[in-house]
Amino acid sequence: PNPEQRLRKDSKMTIAPEHYPAMLAELRQTFASGLTRDLAWRDAQLEAMGKLLSDNEEAIGRVLAEDLGKPPQEVLLGELALLFSGIRHTRKHLKRWARPRKVSTPAVGQPGRSWVQPEPLGVVLILGAWNYPFQLIFGPLMPALAAGNCVVVKPSEIAPKSSALMAELIPLYLDQRAVKVVEGAVDETTELLKQRFDHIIYTGGAAVGKIVMRAASEHLTPVTLELGGKSPCVIDRDADLALAARRLIWGKCINAGQSCIAPDYVLVSPEQRDDLVAAIDAELDKMYGEDRLGSADYANIINARHFQRVRELLDDGKVVIGGGVDEARNRIEPTVLVDVAPDAPVMREEIFGPVLPILTVNDLDEAMAFILERDKPLAAYLFTRSKDSEQRFVETVSSGNMCINDVIMFMAVHELPFGGVGMSGMGQYHGKVGFDRLSHLKAVMSRARTPEPPVRFAPYSELKMKLLR
Ligand code: NAD
C-alpha cells in the first residue's frame with residue numbers, strides 16, 4: 001500500500017460529502033483517460049477482487065459474525081462461494097461478452113456491416129443492503145468493472161463492521177483511480193444521490209428505491225432496483241412433504257430469514273397442513289438440535305429495531321413451532337404460524353425474519369389466484385411431482401425468479417439473470433446479463449464507400465419507389 005492508502009487505513013478516513021464532487025470529477029477523469037476500457041485492466045480488477053475476498057476470508061467471517069451472527073458456513077454459502085464462482089465465470093467469458101456482436105444488414109444497407117458494440121457507461125453508483133453485505137456490494141461491482149466502468153460503492157451502514165472492512169480493503173486491492181468507497185447513512189446517501197452518475201444499482205427496500213429513482217431522474221440516470229417482496233411457496237397436493245419441508249425451512253432459516261428471496265409464506269391444502277408442520281419440526285430438529293434459539297448454526301436479527309419488528313409479527317397467528325426470543329442477542333427462534341388472516345400485518349409486509357406463516361388454499365389454482373392478487377414477488381416457489389402443475393405455475397405466476405421443488409438455489413446459476421419485476425424491482429444482473437446491464441449496447445453501422453445505389457436520393461421517381469418496397 002502507498003502512504004495515502006496507509007493513512008486512510010490507520011485513521012479510518014472516509015470520503016466526506018463535501019468531497020463527493022471532487023471524487024466524481026476524479027472518476028470522470030479516470031474514465032476519460034481510457035484506463036478502464038482496457039480488457040487486461042478489467043481482468044486484473046476481477047482477479048484482485050477475488051484475492052481481496054480470499055486473502056481476507058477470516059476477517060470477513062469475523063465482521064459478519066459481529067454484524068449478523070452469521071455462521072461460517074453461511075458466510076461461505078451465501079456470500080463468498082457465489083462471488084468466487086461469479087468472478088471465475090466473468091473472467092472466463094469477459095473477452096467474448098466485450099466483443100462486437102455482428103448482426104445482419106438488409107439489402108438497403110448493402111454494402112455495409114452492422115454490429116452491436118458494448119461500451120462502458122461511465123461512473124456507476126452501487127448502494128448495498130445489510131443482509132448480505134459483501135455479496136450485495138461485490139456482486140454488482142463485478143459486472144460494473146467487467147463492463148469497464150468507474151464505480152462508487154456505498155455499503156449499508158446497518159451492517160457497520162462489514163461496511164468499515166470494505167472501506168478498508170477495497171482501496172488496498174482495487175485501482176483507487178477507478179473505485180471509491182463511501183461510508184455513511186441517510187445524510188451521506190442523500191448527498192451522494194445529488195451527484196450525476198451514469199447508472200445506479202440499488203439493493204434494499206421499495207421505499208428507499210423510490211427515493212433513489214426520484215433522485216436519479218434529476219440527471220436522467222438509469223437505475224437498477226433490486227428490491228424485495230413476499231415470495232410465496234406453494235405446496236401442491238402431490239408434493240413430497242418431507243423434501244418440501246427440508247428445503248423450504250432451510251431457505252427460511254439461513255441468515256435468520258433475512259434474505260430477499262427467502263420463502264416468505266406457504267400456501268398448502270388444509271389436509272396437508274399439519275403433516276407439513278410436523279415435517280418442518282422434524283427438519284428443524286435435524287438442523288439445529290434441541291436448542292434452536294441458541295444454535296451456533298443460526299444467525300441473529302440485524303438490530304434491535306428489526307428484532308422488535310419481527311417479534312411483533314409473532315402475534316399474527318397461532319404459533320405451532322418456535323416462538324422463543326432472546327432480546328439481549330436479537331435472536332428469534334425459527335417460528336411457524338398457522339391460522340393467519342390473509343390481511344394480517346405478517347401477510348402485508350415482507351417478513352425478513354425467521355417467521356413462516358402457513359395459509360391454506362384448496363388447490364393450485366386458488367394458490368395462484370392468491371399470488372396474482374398481490375404485488376409481483378421477487379421469487380416464487382412450487383413443490384410438486386406434477387409436470388402439469390409445474391407448467392401451469394411457470395406460465396401463470398409472474399415473479400422475478402422462480403424455482404420448482406427448491407428455493408433460492410437458482411442464485412448459483414450464473415447464466416440465469418437475477419432481479420425483480422413490478423414492486424420487486426427493475427433490471428437484472430448476474431453473468432452476461434449483468435455485463436450488458438452496465439454497458440451501453442451501442443448500435444453501429446459501417447457502410448462501404450462504393451457503390452452508391454441512387455435509389456434513396458432525389459430526384460424521386462416511380463421506379464425508385466418500387467425498388468424501395
Ligand atoms: P438498508 O436499510 O441497508 O438500505 C439500503 C441502502 O439504502 C443503504 O445503502 C442505505 O444507506 C440507503 N438508504 C436508507 N435510507 C435512505 C434514505 N432515506 N435516502 C437515501 N438512501 C437511503 O436496506 P433495507 O432497505 O433494510 O434492505 C432490506 C430490503 O432489501 C428487503 O426488502 C429485501 O428484500 C431487499 N433486498 C433485496 C435484494 C435483491 O437483491 N433484490 C437483496 C437483499 C435485500
# chains A, B, ... in the order shown; residues from 1 in each chain; ligands from 1

$ closest_atom_pairs --of "chain A" --to "ligand 1" --cutoff "7 Å" --atoms "only C-alpha atoms and all ligand atoms" --output "JSON lines"
{"residue": "A:Leu127", "atom": "CA", "partner": "ligand 1", "partner_atom_place_in_ligand_line": "9 (O)", "distance": 4.7}
{"residue": "A:Gly128", "atom": "CA", "partner": "ligand 1", "partner_atom_place_in_ligand_line": "9 (O)", "distance": 4.9}
{"residue": "A:Ala129", "atom": "CA", "partner": "ligand 1", "partner_atom_place_in_ligand_line": "3 (O)", "distance": 3.7}
{"residue": "A:Trp130", "atom": "CA", "partner": "ligand 1", "partner_atom_place_in_ligand_line": "3 (O)", "distance": 4.5}
{"residue": "A:Asn131", "atom": "CA", "partner": "ligand 1", "partner_atom_place_in_ligand_line": "43 (C)", "distance": 6.0}
{"residue": "A:Tyr132", "atom": "CA", "partner": "ligand 1", "partner_atom_place_in_ligand_line": "43 (C)", "distance": 6.6}
{"residue": "A:Leu136", "atom": "CA", "partner": "ligand 1", "partner_atom_place_in_ligand_line": "42 (C)", "distance": 6.7}
{"residue": "A:Lys154", "atom": "CA", "partner": "ligand 1", "partner_atom_place_in_ligand_line": "9 (O)", "distance": 5.9}
{"residue": "A:Pro155", "atom": "CA", "partner": "ligand 1", "partner_atom_place_in_ligand_line": "9 (O)", "distance": 5.5}
{"residue": "A:Ser156", "atom": "CA", "partner": "ligand 1", "partner_atom_place_in_ligand_line": "9 (O)", "distance": 3.9}
{"residue": "A:Glu157", "atom": "CA", "partner": "ligand 1", "partner_atom_place_in_ligand_line": "11 (O)", "distance": 5.7}
{"residue": "A:Ile158", "atom": "CA", "partner": "ligand 1", "partner_atom_place_in_ligand_line": "3 (O)", "distance": 5.5}
{"residue": "A:Gly184", "atom": "CA", "partner": "ligand 1", "partner_atom_place_in_ligand_line": "11 (O)", "distance": 6.5}
{"residue": "A:Ala185", "atom": "CA", "partner": "ligand 1", "partner_atom_place_in_ligand_line": "11 (O)", "distance": 4.4}
{"residue": "A:Val186", "atom": "CA", "partner": "ligand 1", "partner_atom_place_in_ligand_line": "16 (C)", "distance": 4.6}
{"residue": "A:Thr189", "atom": "CA", "partner": "ligand 1", "partner_atom_place_in_ligand_line": "21 (N)", "distance": 4.8}
{"residue": "A:Thr190", "atom": "CA", "partner": "ligand 1", "partner_atom_place_in_ligand_line": "20 (C)", "distance": 5.0}
{"residue": "A:Tyr202", "atom": "CA", "partner": "ligand 1", "partner_atom_place_in_ligand_line": "6 (C)", "distance": 6.9}
{"residue": "A:Thr203", "atom": "CA", "partner": "ligand 1", "partner_atom_place_in_ligand_line": "37 (C)", "distance": 5.2}
{"residue": "A:Gly204", "atom": "CA", "partner": "ligand 1", "partner_atom_place_in_ligand_line": "30 (O)", "distance": 3.0}
{"residue": "A:Gly205", "atom": "CA", "partner": "ligand 1", "partner_atom_place_in_ligand_line": "25 (O)", "distance": 3.6}
{"residue": "A:Ala206", "atom": "CA", "partner": "ligand 1", "partner_atom_place_in_ligand_line": "32 (O)", "distance": 6.6}
{"residue": "A:Val208", "atom": "CA", "partner": "ligand 1", "partner_atom_place_in_ligand_line": "16 (C)", "distance": 5.4}
{"residue": "A:Ile211", "atom": "CA", "partner": "ligand 1", "partner_atom_place_in_ligand_line": "19 (N)", "distance": 6.1}
{"residue": "A:Val212", "atom": "CA", "partner": "ligand 1", "partner_atom_place_in_ligand_line": "20 (C)", "distance": 6.4}
{"residue": "A:Glu226", "atom": "CA", "partner": "ligand 1", "partner_atom_place_in_ligand_line": "41 (N)", "distance": 3.6}
{"residue": "A:Leu227", "atom": "CA", "partner": "ligand 1", "partner_atom_place_in_ligand_line": "37 (C)", "distance": 4.2}
{"residue": "A:Gly228", "atom": "CA", "partner": "ligand 1", "partner_atom_place_in_ligand_line": "34 (O)", "distance": 3.1}
{"residue": "A:Gly229", "atom": "CA", "partner": "ligand 1", "partner_atom_place_in_ligand_line": "34 (O)", "distance": 5.7}
{"residue": "A:Ser259", "atom": "CA", "partner": "ligand 1", "partner_atom_place_in_ligand_line": "43 (C)", "distance": 6.1}
{"residue": "A:Cys260", "atom": "CA", "partner": "ligand 1", "partner_atom_place_in_ligand_line": "34 (O)", "distance": 3.5}
{"residue": "A:Ile261", "atom": "CA", "partner": "ligand 1", "partner_atom_place_in_ligand_line": "34 (O)", "distance": 6.9}
{"residue": "A:Glu350", "atom": "CA", "partner": "ligand 1", "partner_atom_place_in_ligand_line": "32 (O)", "distance": 6.5}
{"residue": "A:Phe352", "atom": "CA", "partner": "ligand 1", "partner_atom_place_in_ligand_line": "31 (C)", "distance": 6.8}
{"residue": "A:Leu378", "atom": "CA", "partner": "ligand 1", "partner_atom_place_in_ligand_line": "41 (N)", "distance": 6.9}
{"residue": "A:Gly419", "atom": "CA", "partner": "ligand 1", "partner_atom_place_in_ligand_line": "41 (N)", "distance": 5.9}
{"residue": "A:Gly420", "atom": "CA", "partner": "ligand 1", "partner_atom_place_in_ligand_line": "41 (N)", "distance": 6.5}
{"residue": "A:Gly425", "atom": "CA", "partner": "ligand 1", "partner_atom_place_in_ligand_line": "41 (N)", "distance": 6.9}

$ select_by_dssp --residues "segment 94-295 of chain A" --states "helix (DSSP H, G or I)" --output "NGL selection string"
:A and (94-98 or 107-109 or 135-146 or 160-173 or 186-192 or 206-218 or 241-257 or 270-288)

$ write_last_selection --atoms "C-alpha atoms" --output "short mmCIF file (atom, residue, chain, number, x, y, z; two decimals), in the first residue's frame"
data_model
loop_
_atom_site.label_atom_id
_atom_site.label_comp_id
_atom_site.auth_asym_id
_atom_site.auth_seq_id
_atom_site.Cartn_x
_atom_site.Cartn_y
_atom_site.Cartn_z
CA LEU A 94 -15.29 -11.42 -20.45
CA LYS A 95 -13.50 -11.28 -23.80
CA ARG A 96 -16.45 -12.80 -25.60
CA TRP A 97 -19.01 -10.56 -23.87
CA ALA A 98 -16.99 -7.43 -24.70
CA ALA A 107 -30.27 -5.15 -48.74
CA VAL A 108 -30.95 -1.44 -48.35
CA GLY A 109 -27.86 -1.12 -46.18
CA GLN A 135 -22.50 -10.26 -1.84
CA LEU A 136 -24.58 -7.12 -2.45
CA ILE A 137 -21.56 -4.87 -2.97
CA PHE A 138 -19.16 -7.17 -4.81
CA GLY A 139 -21.97 -8.87 -6.77
CA PRO A 140 -22.80 -5.64 -8.68
CA LEU A 141 -19.19 -4.38 -8.57
CA MET A 142 -18.14 -7.41 -10.59
CA PRO A 143 -20.18 -6.62 -13.73
CA ALA A 144 -19.62 -2.88 -13.26
CA LEU A 145 -15.84 -3.33 -13.52
CA ALA A 146 -16.08 -6.11 -16.10
CA PRO A 160 -21.31 -1.24 10.23
CA LYS A 161 -18.43 -3.69 10.70
CA SER A 162 -18.84 -5.04 7.19
CA SER A 163 -19.04 -1.52 5.79
CA ALA A 164 -15.83 -0.49 7.59
CA LEU A 165 -13.96 -3.58 6.40
CA MET A 166 -14.95 -2.96 2.78
CA ALA A 167 -13.88 0.69 3.09
CA GLU A 168 -10.53 -0.51 4.36
CA LEU A 169 -9.90 -3.35 1.91
CA ILE A 170 -11.22 -2.09 -1.41
CA PRO A 171 -8.60 0.70 -1.74
CA LEU A 172 -5.87 -1.80 -0.90
CA TYR A 173 -6.78 -4.21 -3.69
CA VAL A 186 -29.12 8.64 5.06
CA ASP A 187 -27.39 12.05 5.01
CA GLU A 188 -24.40 10.79 3.06
CA THR A 189 -26.55 8.80 0.64
CA THR A 190 -28.81 11.79 0.08
CA GLU A 191 -25.79 13.93 -0.75
CA LEU A 192 -24.29 11.23 -2.94
CA ALA A 206 -39.01 -0.29 -2.08
CA ALA A 207 -39.48 2.90 -0.03
CA VAL A 208 -35.83 3.91 -0.45
CA GLY A 209 -35.94 2.54 -4.00
CA LYS A 210 -38.42 5.30 -4.81
CA ILE A 211 -36.11 7.92 -3.25
CA VAL A 212 -33.22 6.62 -5.36
CA MET A 213 -35.26 6.64 -8.55
CA ARG A 214 -36.56 10.14 -7.87
CA ALA A 215 -33.02 11.44 -7.32
CA ALA A 216 -31.78 9.62 -10.42
CA SER A 217 -34.49 11.23 -12.55
CA GLU A 218 -32.87 14.64 -11.99
CA LEU A 241 -43.74 -33.09 2.01
CA ALA A 242 -40.51 -34.18 3.68
CA LEU A 243 -38.46 -32.78 0.80
CA ALA A 244 -40.51 -29.57 0.68
CA ALA A 245 -40.19 -29.09 4.44
CA ARG A 246 -36.42 -29.62 4.40
CA ARG A 247 -35.67 -27.29 1.52
CA LEU A 248 -38.10 -24.54 2.35
CA ILE A 249 -37.24 -24.28 6.04
CA TRP A 250 -33.56 -24.21 5.12
CA GLY A 251 -34.32 -21.25 2.83
CA LYS A 252 -36.32 -19.56 5.60
CA CYS A 253 -33.67 -20.06 8.27
CA ILE A 254 -30.43 -19.13 6.53
CA ASN A 255 -29.43 -15.70 7.73
CA ALA A 256 -32.40 -15.99 10.13
CA GLY A 257 -34.83 -15.31 7.32
CA PRO A 270 -55.95 -27.91 4.66
CA GLU A 271 -55.42 -31.70 4.59
CA GLN A 272 -51.63 -31.44 4.27
CA ARG A 273 -51.08 -28.55 6.62
CA ASP A 274 -50.45 -30.40 9.88
CA ASP A 275 -48.24 -33.01 8.20
CA LEU A 276 -46.18 -30.19 6.72
CA VAL A 277 -45.83 -28.55 10.14
CA ALA A 278 -44.68 -31.87 11.63
CA ALA A 279 -42.19 -32.39 8.79
CA ILE A 280 -40.79 -28.86 9.29
CA ASP A 281 -40.43 -29.50 13.02
CA ALA A 282 -38.51 -32.71 12.31
CA GLU A 283 -36.19 -30.91 9.89
CA LEU A 284 -35.53 -28.13 12.40
CA ASP A 285 -34.55 -30.78 14.94
CA LYS A 286 -32.07 -32.24 12.47
CA MET A 287 -30.67 -28.84 11.55
CA TYR A 288 -30.42 -27.13 14.93
#

$ select_by_dssp --residues "segment 294-414 of chain A" --states "strand (DSSP E)" --output "PDB file with C-alpha atoms, in the first residue's frame"
ATOM      1  CA  LYS A 318     -51.129 -19.358  16.241  1.00  0.00           C
ATOM      2  CA  VAL A 319     -47.520 -20.340  16.986  1.00  0.00           C
ATOM      3  CA  VAL A 320     -47.150 -24.067  16.261  1.00  0.00           C
ATOM      4  CA  ILE A 321     -43.342 -24.175  16.110  1.00  0.00           C
ATOM      5  CA  VAL A 325     -36.850 -14.932  21.559  1.00  0.00           C
ATOM      6  CA  ASP A 326     -33.597 -13.733  23.111  1.00  0.00           C
ATOM      7  CA  ARG A 331     -32.406 -13.706  18.270  1.00  0.00           C
ATOM      8  CA  ILE A 332     -35.754 -15.151  17.242  1.00  0.00           C
ATOM      9  CA  THR A 335     -41.238 -19.933  14.089  1.00  0.00           C
ATOM     10  CA  VAL A 336     -44.199 -21.311  12.185  1.00  0.00           C
ATOM     11  CA  LEU A 337     -47.602 -19.640  12.375  1.00  0.00           C
ATOM     12  CA  VAL A 338     -50.945 -21.111  11.317  1.00  0.00           C
ATOM     13  CA  VAL A 355     -41.256 -16.425  10.841  1.00  0.00           C
ATOM     14  CA  LEU A 356     -43.192 -18.619   8.453  1.00  0.00           C
ATOM     15  CA  PRO A 357     -46.965 -18.187   8.125  1.00  0.00           C
ATOM     16  CA  ILE A 358     -48.690 -21.225   6.633  1.00  0.00           C
ATOM     17  CA  LEU A 359     -52.016 -20.433   4.990  1.00  0.00           C
ATOM     18  CA  THR A 360     -54.404 -22.920   3.446  1.00  0.00           C
ATOM     19  CA  ALA A 379     -39.219 -15.152  -6.213  1.00  0.00           C
ATOM     20  CA  ALA A 380     -41.982 -17.760  -6.380  1.00  0.00           C
ATOM     21  CA  TYR A 381     -41.656 -21.381  -5.353  1.00  0.00           C
ATOM     22  CA  LEU A 382     -43.651 -24.531  -6.050  1.00  0.00           C
ATOM     23  CA  PHE A 383     -43.189 -28.039  -4.698  1.00  0.00           C
ATOM     24  CA  ASN A 401     -37.228 -15.530 -10.354  1.00  0.00           C
ATOM     25  CA  MET A 402     -38.772 -18.931  -9.889  1.00  0.00           C
ATOM     26  CA  CYS A 403     -37.722 -22.312  -8.574  1.00  0.00           C
ATOM     27  CA  ILE A 404     -39.608 -25.596  -8.720  1.00  0.00           C
TER      28      ILE A 404
END

$ residues_around --residues "Val444 of chain A" --least-positions-apart "3" --cutoff "7 Å" --atoms "only C-alpha atoms" --output "ChimeraX atom specification"
/A:114-117

$ residues_around --residues "Glu333 of chain A" --least-positions-apart "5" --cutoff "7 Å" --atoms "only C-alpha atoms" --output "ChimeraX atom specification"
/A:292-293,322-325,354

$ residues_around --residues "Asn362 of chain A" --least-positions-apart "5" --cutoff "10 Å" --atoms "only C-alpha atoms" --output "list in words"
Asp236, Arg237, Leu267, Val268, Ser269, Pro270, Glu271 and Ala367 of chain A

$ write_last_selection --atoms "N, CA and C atoms" --output "PDB file, in the first residue's frame"
ATOM      1  N   ASP A 236     -47.988 -28.227  -3.639  1.00  0.00           N
ATOM      2  CA  ASP A 236     -49.034 -28.871  -4.437  1.00  0.00           C
ATOM      3  C   ASP A 236     -49.550 -30.100  -3.687  1.00  0.00           C
ATOM      4  N   ARG A 237     -50.735 -30.569  -4.088  1.00  0.00           N
ATOM      5  CA  ARG A 237     -51.351 -31.689  -3.358  1.00  0.00           C
ATOM      6  C   ARG A 237     -50.519 -32.972  -3.422  1.00  0.00           C
ATOM      7  N   LEU A 267     -48.367 -21.656   1.056  1.00  0.00           N
ATOM      8  CA  LEU A 267     -49.760 -21.976   0.750  1.00  0.00           C
ATOM      9  C   LEU A 267     -49.848 -23.491   0.563  1.00  0.00           C
ATOM     10  N   VAL A 268     -50.739 -24.129   1.330  1.00  0.00           N
ATOM     11  CA  VAL A 268     -50.838 -25.592   1.302  1.00  0.00           C
ATOM     12  C   VAL A 268     -52.307 -25.972   1.511  1.00  0.00           C
ATOM     13  N   SER A 269     -52.670 -27.188   1.128  1.00  0.00           N
ATOM     14  CA  SER A 269     -54.075 -27.588   1.312  1.00  0.00           C
ATOM     15  C   SER A 269     -54.353 -27.847   2.797  1.00  0.00           C
ATOM     16  N   PRO A 270     -55.616 -27.697   3.235  1.00  0.00           N
ATOM     17  CA  PRO A 270     -55.952 -27.912   4.656  1.00  0.00           C
ATOM     18  C   PRO A 270     -55.565 -29.325   5.108  1.00  0.00           C
ATOM     19  N   GLU A 271     -55.707 -30.308   4.203  1.00  0.00           N
ATOM     20  CA  GLU A 271     -55.423 -31.704   4.587  1.00  0.00           C
ATOM     21  C   GLU A 271     -53.931 -31.939   4.835  1.00  0.00           C
ATOM     22  N   ALA A 367     -54.162 -21.147  -5.109  1.00  0.00           N
ATOM     23  CA  ALA A 367     -52.854 -20.618  -4.687  1.00  0.00           C
ATOM     24  C   ALA A 367     -52.369 -19.565  -5.684  1.00  0.00           C
TER      25      ALA A 367
END

$ atom_distance --atom1 "atom CA of Val103 of chain A" --atom2 "atom CA of Val433 of chain A"
18.6 Å

$ closest_residue --among "A:Leu82, A:Leu314, A:Ala304, A:Leu225" --to "Val421 of chain A" --atoms "only C-alpha atoms"
A:Leu225

$ residues_around --residues "Asp388 of chain A" --least-positions-apart "5" --cutoff "12 Å" --atoms "only C-alpha atoms" --output "PyMOL selection string"
chain A and resi 236+238+364+393-395

$ residues_around --residues "Leu53 of chain A" --least-positions-apart "3" --cutoff "9 Å" --atoms "only C-alpha atoms" --output "list in words"
Ala48, Met49, Gly50, Asn56, Glu57, Ile60, Leu80, Leu83 and Phe84 of chain A
